[in-house]
Amino acid sequence: MSNRDLYDVLGVARDADEATLKKAYRKLAMELHPDRNPGDKNAEAKFKEVNAAYGALKDPDKRAAYDRFGHAAFEGGGPAGAGGQGFDFGSGFADIFDEMFGEFTGGGRRGDEGSSHGSDLRYNMEISLEDAYKGRKTTIRVPTSVTCKSCSGSGAKSGTKPAICGTCHGRGRVRATQGFFTVERTCPGCNGAGKVILDPCGNCGGTGRTQKERTLSVTIPPGVDDGTRIRLPGEGEAGMRGAPAGDLYIFLSVTPHRFFQRDSADIYCRVPISMTTAALGGTVEVPTVEGTRARVNVPSGTQPGAQFRLRNKGMSILRSKSRGDMYIEVAVETPRKLTKKQQELLREFDATGGRDTSPDSEGFFSKVKELWEDLKD
């Protein structure tokens, strides 16, 4: 161990409390850990120095001895040595290592938890806008892994049982001393299960699960939107050797509608009307997403692009009794394939027209005429 001041090694004041010591240690240990600095001898040496400093200062008795005698407290003839103490990093450091470096060793210690749960599954489902409005119940067929019936998921042949792993003695983890600290890893003999299959099941080959296509019932609530996710807990793949199953996630996509466009809970519909209806006014019937018809009163002189709002005629809102609104946008249709009589009538109408019947166009061309006059000057 170096003779640097232990408080300087950790970068803390001599009166630092336990929480401050631990925070400083965690930060330095994460930065200097060999897994994050492969081949860096300098980082490795500092990592050992930091561990040694924290190992001494985290213990109240050792810290008190160091504060009084300095490094001499840990030499063979010093007070700590006389009491049989010193730097024992095997005890306690494994717990800190699990907490901090689980990402390098496959997670913290699991004790007797056994195998991890099965994988989650994703199912993509297309629904109509009407289904999104009303909701629906349907069934889906999902190919997945299920618990083996022959061995009830244990993976062992009928009449036998999995044996306790001789490597980890059922813990699922093994501990190895590397220099001055102890590292705990997933047991390579049983892959963390704590048990081994001596006589595997002939149906599943010892995995505890088989492949099967399952039929599941799905309830789609009213008001779902494109991208809504529905979770079915425990309906994913079965876990290895009796471990819990994963979940099934259903991702919904709403197919485009031939009449309606959706914006959150509101519905938009573009409705063509005749020129005479726009000019004289009238009533038009429009479809709604709920499957009924709604009447819209069009006032005389309605211009193209005008919108009319129908309250509470839009989409259902998820987990609510409220509904959005429906907006009708009119598109005035220009007459086509006119007869001679119709053409004469329109010319007569145009000849008797003026600012009152077409104020926008008359006003626009008057301003254009004024612009041309100004350009001549």
# chains A, B, ... in the order shown; residues from 1 in each chain; ligands from 1
$ residues_around --residues "A:Val142" --least-positions-apart "6" --cutoff "8 Å" --atoms "only C-alpha atoms" --output "ChimeraX atom specification"
/A:123,213-216
$ residues_around --residues "A:Asp131" --least-positions-apart "3" --cutoff "10 Å" --atoms "only C-alpha atoms" --output "list of chain:residue names"
A:Glu126, A:Ile127, A:Ser128, A:Lys134, A:Gly135, A:Arg136, A:Lys137, A:Ile220, A:Pro221, A:Pro222, A:Gly223, A:Val224, A:Val254, A:Val289, A:Glu290
$ residues_around --residues "stretch 259-270 of chain A" --least-positions-apart "6" --cutoff "9 Å" --atoms "only C-alpha atoms" --output "number ranges by chain"
A: 129, 223, 225, 286-289, 305, 312-317, 323-331
$ closest_residue --among "A:Pro162, A:Gly206, A:Leu10, A:Gln303" --to "A:Gly194" --atoms "only C-alpha atoms"
A:Pro162
$ atom_distance --atom1 "atom CA of A:Arg309" --atom2 "atom CA of A:Thr334"
24.1 Å
$ atom_distance --atom1 "atom CA of A:His71" --atom2 "atom CA of A:Leu32"
23.3 Å
$ atom_distance --atom1 "atom CA of A:Leu248" --atom2 "atom CA of A:Ser217"
12.0 Å
$ select_by_dssp --residues "stretch 290-367 of chain A" --states "strand (DSSP E)" --output "JSON, numbers by chain"
{"A": [293, 294, 295, 296, 297, 298, 307, 308, 309, 310, 326, 327, 328, 329, 330, 331, 332, 333]}
$ closest_residue --among "A:Lys27, A:Arg258, A:Lys212, A:Arg175" --to "A:Pro143" --atoms "only C-alpha atoms"
A:Lys212
$ residues_around --residues "A:Ser300" --least-positions-apart "5" --cutoff "7 Å" --atoms "only C-alpha atoms" --output "mmCIF file with C-alpha atoms, in the first residue's frame"
data_model
loop_
_atom_site.group_PDB
_atom_site.id
_atom_site.type_symbol
_atom_site.label_atom_id
_atom_site.label_comp_id
_atom_site.auth_asym_id
_atom_site.auth_seq_id
_atom_site.Cartn_x
_atom_site.Cartn_y
_atom_site.Cartn_z
ATOM 1 C CA ALA A 278 -73.467 26.935 -51.323
ATOM 2 C CA ALA A 279 -75.110 30.014 -52.854
ATOM 3 C CA LEU A 280 -78.706 29.510 -51.727
ATOM 4 C CA GLY A 281 -78.154 27.443 -48.571
#
$ residues_around --residues "A:Ala19" --least-positions-apart "6" --cutoff "12 Å" --atoms "only C-alpha atoms" --output "list in words"
Val12, Tyr25, Arg26, Tyr54, Leu57 and Lys58 of chain A
$ closest_residue --among "A:His117, A:Arg68, A:Arg336, A:Lys23" --to "A:Pro233" --atoms "only C-alpha atoms"
A:His117
$ closest_residue --among "A:Val332, A:Leu198, A:Ala238, A:Cys204" --to "A:Ser274" --atoms "only C-alpha atoms"
A:Val332
$ closest_residue --among "A:Ala245, A:Leu252, A:Ile197, A:Val298" --to "A:Leu121" --atoms "only C-alpha atoms"
A:Ala245
